[in-house]
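Undergrad: Here you go, this is coords19.cif (mmCIF, C-alpha atoms; chains and numbers go by the auth columns).
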data_data
#
loop_
_atom_site.group_PDB
_atom_site.id
_atom_site.type_symbol
_atom_site.label_atom_id
_atom_site.label_comp_id
_atom_site.label_asym_id
_atom_site.label_seq_id
_atom_site.Cartn_x
_atom_site.Cartn_y
_atom_site.Cartn_z
_atom_site.B_iso_or_equiv
_atom_site.auth_seq_id
_atom_site.auth_asym_id
ATOM 1 C CA ALA A 1 78.117 155.225 -66.854 0.00 1046 A
ATOM 2 C CA MET A 2 78.980 157.785 -64.210 0.00 1047 A
ATOM 3 C CA ASN A 3 79.650 161.509 -64.143 0.00 1048 A
ATOM 4 C CA LEU A 4 82.352 162.570 -61.679 0.00 1049 A
ATOM 5 C CA THR A 5 82.156 166.281 -60.921 0.00 1050 A
ATOM 6 C CA GLY A 6 83.642 168.635 -58.352 0.00 1051 A
ATOM 7 C CA SER A 7 87.197 167.360 -58.788 0.00 1052 A
ATOM 8 C CA ILE A 8 88.800 170.600 -57.636 0.00 1053 A
ATOM 9 C CA ALA A 9 92.453 169.913 -56.820 0.00 1054 A
ATOM 10 C CA PRO A 10 94.014 172.886 -55.012 0.00 1055 A
ATOM 11 C CA ARG A 11 97.693 173.288 -54.094 0.00 1056 A
ATOM 12 C CA VAL A 12 98.760 175.587 -51.265 0.00 1057 A
ATOM 13 C CA GLY A 13 102.344 176.329 -50.214 0.00 1058 A
ATOM 14 C CA LEU A 14 104.114 178.695 -47.829 0.00 1059 A
ATOM 15 C CA LEU A 15 107.824 179.468 -47.487 0.00 1060 A
ATOM 16 C CA TYR A 16 109.741 181.681 -45.046 0.00 1061 A
ATOM 17 C CA ASP A 17 113.449 182.613 -44.907 0.00 1062 A
ATOM 18 C CA TRP A 18 114.314 183.567 -41.330 0.00 1063 A
ATOM 19 C CA THR A 19 117.869 184.703 -42.207 0.00 1064 A
ATOM 20 C CA LYS A 20 116.540 187.209 -44.760 0.00 1065 A
ATOM 21 C CA GLU A 21 119.661 186.313 -46.793 0.00 1066 A
ATOM 22 C CA GLY A 22 118.533 183.328 -48.858 0.00 1067 A
ATOM 23 C CA ARG A 23 120.397 180.902 -46.580 0.00 1068 A
ATOM 24 C CA SER A 24 117.373 179.275 -44.949 0.00 1069 A
ATOM 25 C CA LYS A 25 113.795 178.290 -45.466 0.00 1070 A
ATOM 26 C CA ILE A 26 110.892 176.807 -43.592 0.00 1071 A
ATOM 27 C CA TYR A 27 108.229 175.516 -45.937 0.00 1072 A
ATOM 28 C CA GLY A 28 104.971 173.685 -45.956 0.00 1073 A
ATOM 29 C CA ASN A 29 102.518 172.682 -48.643 0.00 1074 A
ATOM 30 C CA TRP A 30 99.330 170.737 -49.093 0.00 1075 A
ATOM 31 C CA GLY A 31 97.756 169.366 -52.248 0.00 1076 A
ATOM 32 C CA ARG A 32 94.839 167.209 -53.348 0.00 1077 A
ATOM 33 C CA PHE A 33 95.306 164.755 -56.222 0.00 1078 A
ATOM 34 C CA PHE A 34 92.454 163.031 -58.055 0.00 1079 A
ATOM 35 C CA GLU A 35 92.799 159.720 -59.861 0.00 1080 A
ATOM 36 C CA ALA A 36 92.630 159.620 -63.649 0.00 1081 A
ATOM 37 C CA ILE A 37 90.619 156.399 -63.981 0.00 1082 A
ATOM 38 C CA PRO A 38 92.098 153.896 -66.479 0.00 1083 A
ATOM 39 C CA LEU A 39 89.798 152.528 -69.173 0.00 1084 A
ATOM 40 C CA SER A 40 89.749 148.989 -67.757 0.00 1085 A
ATOM 41 C CA ILE A 41 86.543 149.807 -65.869 0.00 1086 A
ATOM 42 C CA ASN A 42 84.826 150.751 -69.168 0.00 1087 A
ATOM 43 C CA ASN A 43 85.739 147.374 -70.631 0.00 1088 A
ATOM 44 C CA ARG A 44 84.929 145.162 -67.646 0.00 1089 A
ATOM 45 C CA ALA A 45 82.111 146.927 -65.763 0.00 1090 A
ATOM 46 C CA PHE A 46 80.378 148.939 -68.489 0.00 1091 A
ATOM 47 C CA GLY A 47 81.227 147.039 -71.683 0.00 1092 A
ATOM 48 C CA GLY A 48 78.589 144.295 -71.568 0.00 1093 A
ATOM 49 C CA GLU A 49 81.063 141.561 -70.638 0.00 1094 A
ATOM 50 C CA SER A 50 79.510 138.106 -71.098 0.00 1095 A
ATOM 51 C CA LEU A 51 80.355 134.613 -69.939 0.00 1096 A
ATOM 52 C CA VAL A 52 79.642 131.363 -71.820 0.00 1097 A
ATOM 53 C CA VAL A 53 79.951 128.063 -69.923 0.00 1098 A
ATOM 54 C CA PRO A 54 79.537 124.890 -72.048 0.00 1099 A
ATOM 55 C CA ILE A 55 79.211 121.564 -70.208 0.00 1100 A
ATOM 56 C CA TRP A 56 79.250 118.148 -71.928 0.00 1101 A
ATOM 57 C CA GLN A 57 77.796 114.949 -70.577 0.00 1102 A
ATOM 58 C CA TYR A 58 80.428 112.222 -70.422 0.00 1103 A
ATOM 59 C CA GLY A 59 78.292 110.090 -72.752 0.00 1104 A
ATOM 60 C CA GLN A 60 78.716 112.696 -75.480 0.00 1105 A
ATOM 61 C CA CYS A 61 82.475 112.286 -75.545 0.00 1106 A
ATOM 62 C CA GLY A 62 83.741 110.628 -78.677 0.00 1107 A
ATOM 63 C CA PRO A 63 86.435 107.953 -78.680 0.00 1108 A
ATOM 64 C CA PRO A 64 90.053 108.928 -79.301 0.00 1109 A
ATOM 65 C CA VAL A 65 90.592 110.023 -82.892 0.00 1110 A
ATOM 66 C CA THR A 66 93.686 109.004 -84.858 0.00 1111 A
ATOM 67 C CA GLU A 67 94.955 111.416 -87.494 0.00 1112 A
ATOM 68 C CA GLY A 68 98.022 109.939 -89.131 0.00 1113 A
ATOM 69 C CA ASP A 69 100.471 109.114 -86.368 0.00 1114 A
ATOM 70 C CA ILE A 70 98.711 111.386 -83.841 0.00 1115 A
ATOM 71 C CA THR A 71 96.013 110.207 -81.440 0.00 1116 A
ATOM 72 C CA ILE A 72 93.785 112.985 -80.099 0.00 1117 A
ATOM 73 C CA LEU A 73 92.353 112.245 -76.662 0.00 1118 A
ATOM 74 C CA PRO A 74 89.627 114.111 -74.778 0.00 1119 A
ATOM 75 C CA SER A 75 91.309 117.069 -73.083 0.00 1120 A
ATOM 76 C CA ASP A 76 89.720 116.307 -69.720 0.00 1121 A
ATOM 77 C CA PRO A 77 88.953 112.740 -68.611 0.00 1122 A
ATOM 78 C CA LEU A 78 86.134 114.060 -66.418 0.00 1123 A
ATOM 79 C CA GLY A 79 84.026 114.851 -69.459 0.00 1124 A
ATOM 80 C CA CYS A 80 85.170 118.063 -71.169 0.00 1125 A
ATOM 81 C CA PRO A 81 86.142 116.641 -74.567 0.00 1126 A
ATOM 82 C CA THR A 82 88.199 117.685 -77.520 0.00 1127 A
ATOM 83 C CA ARG A 83 85.835 115.796 -79.860 0.00 1128 A
ATOM 84 C CA VAL A 84 82.093 115.371 -79.405 0.00 1129 A
ATOM 85 C CA THR A 85 79.920 112.768 -81.085 0.00 1130 A
ATOM 86 C CA GLY A 86 76.826 113.806 -82.960 0.00 1131 A
ATOM 87 C CA ALA A 87 75.893 117.487 -82.976 0.00 1132 A
ATOM 88 C CA ASN A 88 78.827 119.664 -82.040 0.00 1133 A
ATOM 89 C CA VAL A 89 76.972 121.376 -79.196 0.00 1134 A
ATOM 90 C CA PRO A 90 77.167 121.034 -75.412 0.00 1135 A
ATOM 91 C CA GLY A 91 74.641 118.930 -73.564 0.00 1136 A
ATOM 92 C CA TYR A 92 73.730 121.934 -71.444 0.00 1137 A
ATOM 93 C CA GLY A 93 75.333 125.139 -70.228 0.00 1138 A
ATOM 94 C CA ASN A 94 74.953 128.779 -69.363 0.00 1139 A
ATOM 95 C CA ASN A 95 75.147 131.906 -71.461 0.00 1140 A
ATOM 96 C CA LEU A 96 75.309 134.855 -69.103 0.00 1141 A
ATOM 97 C CA LEU A 97 74.748 137.942 -71.214 0.00 1142 A
ATOM 98 C CA GLY A 98 76.599 141.079 -70.249 0.00 1143 A
ATOM 99 C CA ALA A 99 75.078 144.180 -68.720 0.00 1144 A
ATOM 100 C CA GLY A 100 76.312 147.432 -67.277 0.00 1145 A
ATOM 101 C CA THR A 101 77.334 147.352 -63.622 0.00 1146 A
ATOM 102 C CA LEU A 102 75.157 149.463 -61.333 0.00 1147 A
ATOM 103 C CA VAL A 103 76.750 152.698 -60.078 0.00 1148 A
ATOM 104 C CA ALA A 104 75.709 153.888 -56.645 0.00 1149 A
ATOM 105 C CA PRO A 105 74.047 157.331 -56.703 0.00 1150 A
ATOM 106 C CA GLY A 106 76.385 160.115 -55.635 0.00 1151 A
ATOM 107 C CA THR A 107 79.606 158.205 -56.350 0.00 1152 A
ATOM 108 C CA ARG A 108 82.477 160.694 -56.274 0.00 1153 A
ATOM 109 C CA ALA A 109 86.028 160.718 -57.614 0.00 1154 A
ATOM 110 C CA GLN A 110 88.935 158.969 -55.919 0.00 1155 A
ATOM 111 C CA TYR A 111 91.598 161.218 -54.397 0.00 1156 A
ATOM 112 C CA LEU A 112 94.481 161.453 -51.957 0.00 1157 A
ATOM 113 C CA ASP A 113 95.864 164.362 -49.940 0.00 1158 A
ATOM 114 C CA GLU A 114 99.539 165.167 -49.420 0.00 1159 A
ATOM 115 C CA TRP A 115 101.182 167.308 -46.736 0.00 1160 A
ATOM 116 C CA VAL A 116 104.852 168.320 -46.650 0.00 1161 A
ATOM 117 C CA LEU A 117 106.572 170.276 -43.859 0.00 1162 A
ATOM 118 C CA GLY A 118 110.302 170.925 -43.938 0.00 1163 A
ATOM 119 C CA THR A 119 113.280 173.152 -43.362 0.00 1164 A
ATOM 120 C CA GLU A 120 116.674 173.800 -44.989 0.00 1165 A
ATOM 121 C CA TYR A 121 119.688 175.757 -43.760 0.00 1166 A
ATOM 122 C CA GLU A 122 123.093 176.617 -45.203 0.00 1167 A
ATOM 123 C CA VAL A 123 125.313 175.629 -42.257 0.00 1168 A
ATOM 124 C CA ILE A 124 128.511 176.684 -44.006 0.00 1169 A
ATOM 125 C CA GLU A 125 129.101 178.233 -47.392 0.00 1170 A
ATOM 126 C CA ASP A 126 127.664 176.046 -50.173 0.00 1171 A
ATOM 127 C CA LEU A 127 126.581 173.255 -47.797 0.00 1172 A
ATOM 128 C CA VAL A 128 122.830 173.023 -47.208 0.00 1173 A
ATOM 129 C CA VAL A 129 121.202 170.452 -44.939 0.00 1174 A
ATOM 130 C CA GLY A 130 117.507 169.854 -44.553 0.00 1175 A
ATOM 131 C CA ALA A 131 114.772 167.709 -43.097 0.00 1176 A
ATOM 132 C CA SER A 132 111.162 167.219 -44.103 0.00 1177 A
ATOM 133 C CA TYR A 133 108.074 165.281 -43.079 0.00 1178 A
ATOM 134 C CA GLN A 134 105.722 163.942 -45.767 0.00 1179 A
ATOM 135 C CA ARG A 135 102.276 162.434 -45.368 0.00 1180 A
ATOM 136 C CA ARG A 136 99.905 161.063 -47.992 0.00 1181 A
ATOM 137 C CA ASN A 137 96.559 159.470 -47.276 0.00 1182 A
ATOM 138 C CA LEU A 138 93.544 158.307 -49.235 0.00 1183 A
ATOM 139 C CA GLY A 139 90.462 160.428 -48.966 0.00 1184 A
ATOM 140 C CA ARG A 140 88.150 158.225 -51.048 0.00 1185 A
ATOM 141 C CA VAL A 141 88.325 155.295 -53.464 0.00 1186 A
ATOM 142 C CA ILE A 142 86.158 153.976 -56.273 0.00 1187 A
ATOM 143 C CA GLU A 143 85.734 150.210 -56.274 0.00 1188 A
ATOM 144 C CA ASP A 144 83.131 147.624 -57.192 0.00 1189 A
ATOM 145 C CA VAL A 145 81.571 146.098 -54.081 0.00 1190 A
ATOM 146 C CA SER A 146 79.359 143.040 -53.741 0.00 1191 A
ATOM 147 C CA ILE A 147 76.645 142.744 -51.099 0.00 1192 A
ATOM 148 C CA ASP A 148 75.512 139.266 -52.177 0.00 1193 A
ATOM 149 C CA GLY A 149 78.635 137.139 -52.119 0.00 1194 A
ATOM 150 C CA ALA A 150 80.072 138.159 -55.519 0.00 1195 A
ATOM 151 C CA GLN A 151 76.867 137.388 -57.423 0.00 1196 A
ATOM 152 C CA SER A 152 76.510 141.010 -58.525 0.00 1197 A
ATOM 153 C CA TYR A 153 78.499 144.219 -58.147 0.00 1198 A
ATOM 154 C CA ILE A 154 77.959 147.922 -57.529 0.00 1199 A
ATOM 155 C CA VAL A 155 80.560 150.571 -58.377 0.00 1200 A
ATOM 156 C CA ALA A 156 80.659 152.866 -55.357 0.00 1201 A
ATOM 157 C CA ASN A 157 82.737 154.603 -52.701 0.00 1202 A
ATOM 158 C CA PRO A 158 83.203 151.775 -50.155 0.00 1203 A
ATOM 159 C CA GLY A 159 82.516 152.768 -46.577 0.00 1204 A
ATOM 160 C CA GLU A 160 80.387 155.782 -47.556 0.00 1205 A
ATOM 161 C CA MET A 161 76.606 156.071 -47.712 0.00 1206 A
ATOM 162 C CA PRO A 162 75.339 156.666 -51.272 0.00 1207 A
ATOM 163 C CA ASP A 163 73.104 159.649 -52.023 0.00 1208 A
ATOM 164 C CA LEU A 164 69.681 158.012 -51.791 0.00 1209 A
ATOM 165 C CA ALA A 165 67.442 161.086 -51.431 0.00 1210 A
ATOM 166 C CA ASP A 166 66.096 160.942 -54.998 0.00 1211 A
ATOM 167 C CA LEU A 167 65.454 157.192 -54.821 0.00 1212 A
ATOM 168 C CA ARG A 168 63.603 157.547 -51.512 0.00 1213 A
ATOM 169 C CA ALA A 169 61.467 160.350 -52.931 0.00 1214 A
ATOM 170 C CA GLU A 170 60.629 158.243 -56.005 0.00 1215 A
ATOM 171 C CA ALA A 171 59.861 155.182 -53.881 0.00 1216 A
ATOM 172 C CA GLY A 172 57.456 157.219 -51.763 0.00 1217 A
ATOM 173 C CA THR A 173 55.299 158.221 -54.750 0.00 1218 A
ATOM 174 C CA ALA A 174 55.692 155.236 -57.119 0.00 1219 A
ATOM 175 C CA PRO A 175 53.012 152.570 -57.728 0.00 1220 A
ATOM 176 C CA PRO A 176 53.142 149.704 -55.214 0.00 1221 A
ATOM 177 C CA ASP A 177 55.057 147.227 -57.403 0.00 1222 A
ATOM 178 C CA ARG A 178 57.739 149.723 -58.416 0.00 1223 A
ATOM 179 C CA SER A 179 57.853 151.195 -54.915 0.00 1224 A
ATOM 180 C CA SER A 180 58.642 147.744 -53.508 0.00 1225 A
ATOM 181 C CA LEU A 181 61.475 147.270 -56.018 0.00 1226 A
ATOM 182 C CA LEU A 182 62.910 150.688 -55.224 0.00 1227 A
ATOM 183 C CA TRP A 183 62.874 150.100 -51.470 0.00 1228 A
ATOM 184 C CA ASP A 184 64.682 146.777 -52.012 0.00 1229 A
ATOM 185 C CA LYS A 185 67.281 148.619 -54.110 0.00 1230 A
ATOM 186 C CA ILE A 186 67.671 151.299 -51.433 0.00 1231 A
ATOM 187 C CA GLU A 187 68.185 148.627 -48.784 0.00 1232 A
ATOM 188 C CA ASP A 188 70.909 147.040 -50.922 0.00 1233 A
ATOM 189 C CA LEU A 189 72.668 150.359 -51.539 0.00 1234 A
ATOM 190 C CA GLU A 190 72.648 151.207 -47.824 0.00 1235 A
ATOM 191 C CA LYS A 191 74.809 148.124 -47.210 0.00 1236 A
ATOM 192 C CA ILE A 192 77.725 149.800 -49.040 0.00 1237 A
ATOM 193 C CA ALA A 193 78.330 151.921 -45.932 0.00 1238 A
ATOM 194 C CA ARG A 194 78.973 148.743 -43.921 0.00 1239 A
ATOM 195 C CA PHE A 195 82.206 148.069 -45.788 0.00 1240 A
ATOM 196 C CA PRO A 196 85.358 149.283 -43.993 0.00 1241 A
ATOM 197 C CA LYS A 197 86.433 152.727 -45.136 0.00 1242 A
ATOM 198 C CA PRO A 198 89.653 152.314 -47.135 0.00 1243 A
ATOM 199 C CA ARG A 199 92.816 153.582 -45.483 0.00 1244 A
ATOM 200 C CA ARG A 200 96.316 153.893 -46.947 0.00 1245 A
ATOM 201 C CA ASP A 201 98.625 156.185 -44.954 0.00 1246 A
ATOM 202 C CA TYR A 202 102.146 157.047 -46.050 0.00 1247 A
ATOM 203 C CA ASN A 203 104.399 158.784 -43.517 0.00 1248 A
ATOM 204 C CA ALA A 204 108.021 159.631 -44.220 0.00 1249 A
ATOM 205 C CA ILE A 205 110.935 161.598 -42.786 0.00 1250 A
ATOM 206 C CA GLN A 206 113.560 162.700 -45.274 0.00 1251 A
ATOM 207 C CA LEU A 207 117.040 164.061 -44.512 0.00 1252 A
ATOM 208 C CA THR A 208 118.919 165.885 -47.272 0.00 1253 A
ATOM 209 C CA ALA A 209 122.354 167.407 -47.855 0.00 1254 A
ATOM 210 C CA LYS A 210 123.564 169.467 -50.827 0.00 1255 A
ATOM 211 C CA LYS A 211 127.103 170.641 -51.450 0.00 1256 A
ATOM 212 C CA ARG A 212 128.501 172.798 -54.259 0.00 1257 A
ATOM 213 C CA PHE A 213 132.213 172.143 -54.714 0.00 1258 A
ATOM 214 C CA SER A 214 132.713 174.387 -57.725 0.00 1259 A
ATOM 215 C CA LYS A 215 130.766 176.080 -60.494 0.00 1260 A
ATOM 216 C CA SER A 216 130.655 172.793 -62.409 0.00 1261 A
ATOM 217 C CA PHE A 217 130.483 170.186 -59.628 0.00 1262 A
ATOM 218 C CA PHE A 218 127.543 169.680 -57.309 0.00 1263 A
ATOM 219 C CA ALA A 219 126.560 166.728 -55.092 0.00 1264 A
ATOM 220 C CA GLN A 220 123.460 165.924 -53.130 0.00 1265 A
ATOM 221 C CA GLY A 221 122.194 163.005 -51.096 0.00 1266 A
ATOM 222 C CA SER A 222 119.143 162.032 -49.120 0.00 1267 A
ATOM 223 C CA TYR A 223 117.833 159.375 -46.766 0.00 1268 A
ATOM 224 C CA THR A 224 114.142 158.574 -46.379 0.00 1269 A
ATOM 225 C CA TYR A 225 112.516 156.515 -43.649 0.00 1270 A
ATOM 226 C CA SER A 226 108.893 155.722 -44.484 0.00 1271 A
ATOM 227 C CA ARG A 227 105.970 153.596 -43.353 0.00 1272 A
ATOM 228 C CA LEU A 228 102.950 152.667 -45.468 0.00 1273 A
ATOM 229 C CA LYS A 229 100.041 151.263 -43.482 0.00 1274 A
ATOM 230 C CA GLY A 230 96.356 150.691 -44.016 0.00 1275 A
ATOM 231 C CA ASN A 231 93.741 148.227 -45.247 0.00 1276 A
ATOM 232 C CA HIS A 232 93.714 149.118 -48.962 0.00 1277 A
ATOM 233 C CA PRO A 233 96.603 148.114 -51.254 0.00 1278 A
ATOM 234 C CA GLY A 234 95.667 150.544 -54.030 0.00 1279 A
ATOM 235 C CA LEU A 235 94.815 150.063 -57.699 0.00 1280 A
ATOM 236 C CA TYR A 236 96.736 146.770 -57.833 0.00 1281 A
ATOM 237 C CA THR A 237 95.865 143.707 -55.733 0.00 1282 A
ATOM 238 C CA PRO A 238 99.154 142.057 -54.721 0.00 1283 A
ATOM 239 C CA ASN A 239 97.717 138.907 -53.114 0.00 1284 A
ATOM 240 C CA ASN A 240 96.301 137.610 -56.415 0.00 1285 A
ATOM 241 C CA GLY A 241 98.129 139.717 -59.008 0.00 1286 A
ATOM 242 C CA GLN A 242 94.943 141.391 -60.257 0.00 1287 A
ATOM 243 C CA VAL A 243 95.363 144.569 -62.289 0.00 1288 A
ATOM 244 C CA ASN A 244 91.828 145.915 -62.713 0.00 1289 A
ATOM 245 C CA PRO A 245 91.993 149.444 -61.291 0.00 1290 A
ATOM 246 C CA ASN A 246 88.784 150.469 -59.486 0.00 1291 A
ATOM 247 C CA ILE A 247 87.173 147.039 -60.016 0.00 1292 A
ATOM 248 C CA ASN A 248 89.610 144.738 -58.219 0.00 1293 A
ATOM 249 C CA SER A 249 88.452 141.884 -55.989 0.00 1294 A
ATOM 250 C CA GLN A 250 89.231 143.780 -52.780 0.00 1295 A
ATOM 251 C CA TYR A 251 85.559 144.440 -51.909 0.00 1296 A
ATOM 252 C CA ASP A 252 83.991 141.411 -53.580 0.00 1297 A
ATOM 253 C CA LEU A 253 83.450 139.573 -50.276 0.00 1298 A
ATOM 254 C CA ILE A 254 82.971 141.538 -47.072 0.00 1299 A
ATOM 255 C CA ASP A 255 84.075 138.433 -45.132 0.00 1300 A
ATOM 256 C CA LEU A 256 87.631 138.892 -46.434 0.00 1301 A
ATOM 257 C CA LEU A 257 87.960 142.459 -45.161 0.00 1302 A
ATOM 258 C CA ALA A 258 88.441 141.657 -41.470 0.00 1303 A
ATOM 259 C CA ASN A 259 91.894 142.139 -39.904 0.00 1304 A
ATOM 260 C CA LEU A 260 93.393 143.779 -43.001 0.00 1305 A
ATOM 261 C CA ASP A 261 95.055 146.677 -41.177 0.00 1306 A
ATOM 262 C CA GLY A 262 98.824 146.467 -41.390 0.00 1307 A
ATOM 263 C CA ASN A 263 101.962 147.347 -43.276 0.00 1308 A
#
For this file, produce the structure as structure tokens.
TA:
Amino acid sequence: AMNLTGSIAPRVGLLYDWTKEGRSKIYGNWGRFFEAIPLSINNRAFGGESLVVPIWQYGQCGPPVTEGDITILPSDPLGCPTRVTGANVPGYGNNLLGAGTLVAPGTRAQYLDEWVLGTEYEVIEDLVVGASYQRRNLGRVIEDVSIDGAQSYIVANPGEMPDLADLRAEAGTAPPDRSSLLWDKIEDLEKIARFPKPRRDYNAIQLTAKKRFSKSFFAQGSYTYSRLKGNHPGLYTPNNGQVNPNINSQYDLIDLLANLDGN
């Protein structure tokens, strides 16, 4: 369904001991971490999921049926019965056959970056205190977005313009009918960039203390003050309990994305 390449995840770290005796260190590191996408997206977006909606006319509902001492009533008095008279088929309904969800050209892997800057110092023998600052922020997410009010979906990087160069080149040389379809598709894909770019910033200050009391007894403690702010809750949607990583309802309606910045 999609081929995610270029997921190079470097780690860089530096450390310096200003005492030259192993009693201190100043350190910093940076790393990039790519998401390993769970298989839910294969099942829901690329698995040909289908929906069948049967609807009965009220006149098709049979009367209550008695089986021994049990009377079976229609399950819904508005006309969705347990028993149906005549042919056991709905009066009318919909059978929406499944299809693969469109993937925007140039969709790239989801990742976050992490920075850490800290220091430690042995203030007295066998007692080390330290402080560090940590920051993590999203660089890009993969989500399904809808540009037509949740009628259809496109798996994409919300807030980023898809790579449309090949489609534009094809539309410029295609026969008129196909060219018109391609330009409509390009116009739809361009709307993905209108979605707010996802933001999820974690900032923390951590204080640590380590004390060795003997060769066999060691204690350490830490305190962390952190803030997590942004407009994207992550791979889980807490306001409706949805657990569909990368295809949650967060970008299904652009109307719901206003004023989402916060803790």
Undergrad: Take the point (73.2, 154.8, -47.6) in the file's coordinates, draw a sphere of radius 10 Å around it, and report as a CSV table (one decimal) with C-alpha atoms, in the frame of the given file every protein, DNA or RNA residue with an atom inside or on it, counting only C-alpha atoms.
TA:
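The new file result_25.csv reads:
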chain,number,residue,atom,x,y,z
A,1149,ALA,CA,75.7,153.9,-56.6
A,1150,PRO,CA,74.0,157.3,-56.7
A,1204,GLY,CA,82.5,152.8,-46.6
A,1205,GLU,CA,80.4,155.8,-47.6
A,1206,MET,CA,76.6,156.1,-47.7
A,1207,PRO,CA,75.3,156.7,-51.3
A,1208,ASP,CA,73.1,159.6,-52.0
A,1209,LEU,CA,69.7,158.0,-51.8
A,1210,ALA,CA,67.4,161.1,-51.4
A,1231,ILE,CA,67.7,151.3,-51.4
A,1232,GLU,CA,68.2,148.6,-48.8
A,1233,ASP,CA,70.9,147.0,-50.9
A,1234,LEU,CA,72.7,150.4,-51.5
A,1235,GLU,CA,72.6,151.2,-47.8
A,1236,LYS,CA,74.8,148.1,-47.2
A,1237,ILE,CA,77.7,149.8,-49.0
A,1238,ALA,CA,78.3,151.9,-45.9
A,1239,ARG,CA,79.0,148.7,-43.9
Undergrad: Compile the contact shell of A:Glu1165 as number ranges by chain: residues with an atom at most 12 Å away, counting all atoms listed in the file, same-chain residues fewer than 6 positions apart removed.
TA: A: 1060-1064, 1067-1073, 1172-1177, 1251-1255
Undergrad: Exactly which residues make up the result of the PyMOL selection byres ((chain A and resi 1076-1083) around 7) on this file, given as a list in words?
TA: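 Listing what the PyMOL selection byres ((chain A and resi 1076-1083) around 7) selects in the shown file: Ser1052, Ala1054, Pro1055, Arg1056, Val1057, Asn1074, Trp1075, Leu1084, Ser1085, Ile1086, Ala1154, Gln1155, Tyr1156, Leu1157, Asp1158, Glu1159, Trp1160 and Pro1290 of chain A.
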Undergrad: Generate a file of the selected residues that holds C-alpha atoms, formatted as a compact mmCIF listing (two decimals), in the frame of the given file.
TA:
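As written to disk, out.txt reads:
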# COMPACT_ATOMS: atom_id res chain seq x y z
CA SER A 1052 87.20 167.36 -58.79
CA ALA A 1054 92.45 169.91 -56.82
CA PRO A 1055 94.01 172.89 -55.01
CA ARG A 1056 97.69 173.29 -54.09
CA VAL A 1057 98.76 175.59 -51.26
CA ASN A 1074 102.52 172.68 -48.64
CA TRP A 1075 99.33 170.74 -49.09
CA LEU A 1084 89.80 152.53 -69.17
CA SER A 1085 89.75 148.99 -67.76
CA ILE A 1086 86.54 149.81 -65.87
CA ALA A 1154 86.03 160.72 -57.61
CA GLN A 1155 88.94 158.97 -55.92
CA TYR A 1156 91.60 161.22 -54.40
CA LEU A 1157 94.48 161.45 -51.96
CA ASP A 1158 95.86 164.36 -49.94
CA GLU A 1159 99.54 165.17 -49.42
CA TRP A 1160 101.18 167.31 -46.74
CA PRO A 1290 91.99 149.44 -61.29
Undergrad: Go through A:Asn1285, A:Asp1222, A:Met1047, A:Lys1256 one by one, measure the shortest atom-to-atom distance of each to A:Tyr1166 using all atoms listed in the file, and give the residue with the smallest value.
TA: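 Comparing A:Asn1285, A:Asp1222, A:Met1047, A:Lys1256 against A:Tyr1166, the winner is A:Lys1256.
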Undergrad: The PyMOL selection byres ((chain A and resi 1244-1247) around 7) - which residues does that actually catch in the file I just gave you? List them as an mmCIF file with C-alpha atoms, keeping the file's coordinate frame.
TA:
data_model
loop_
_atom_site.group_PDB
_atom_site.id
_atom_site.type_symbol
_atom_site.label_atom_id
_atom_site.label_comp_id
_atom_site.auth_asym_id
_atom_site.auth_seq_id
_atom_site.Cartn_x
_atom_site.Cartn_y
_atom_site.Cartn_z
ATOM 1 C CA ARG A 1180 102.276 162.434 -45.368
ATOM 2 C CA ARG A 1181 99.905 161.063 -47.992
ATOM 3 C CA ASN A 1182 96.559 159.470 -47.276
ATOM 4 C CA LEU A 1183 93.544 158.307 -49.235
ATOM 5 C CA LYS A 1242 86.433 152.727 -45.136
ATOM 6 C CA PRO A 1243 89.653 152.314 -47.135
ATOM 7 C CA ASN A 1248 104.399 158.784 -43.517
ATOM 8 C CA ALA A 1249 108.021 159.631 -44.220
ATOM 9 C CA ARG A 1272 105.970 153.596 -43.353
ATOM 10 C CA LEU A 1273 102.950 152.667 -45.468
ATOM 11 C CA LYS A 1274 100.041 151.263 -43.482
ATOM 12 C CA GLY A 1275 96.356 150.691 -44.016
ATOM 13 C CA ASN A 1276 93.741 148.227 -45.247
ATOM 14 C CA HIS A 1277 93.714 149.118 -48.962
#
Undergrad: Would you mind telling me which residue in A:Gly1151, A:Phe1091, A:Ile1192, A:Phe1240 lies nearest to A:Asp1211 when using all atoms listed in the file?
TA: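 Among the listed residues, the smallest separation from A:Asp1211 belongs to A:Gly1151.
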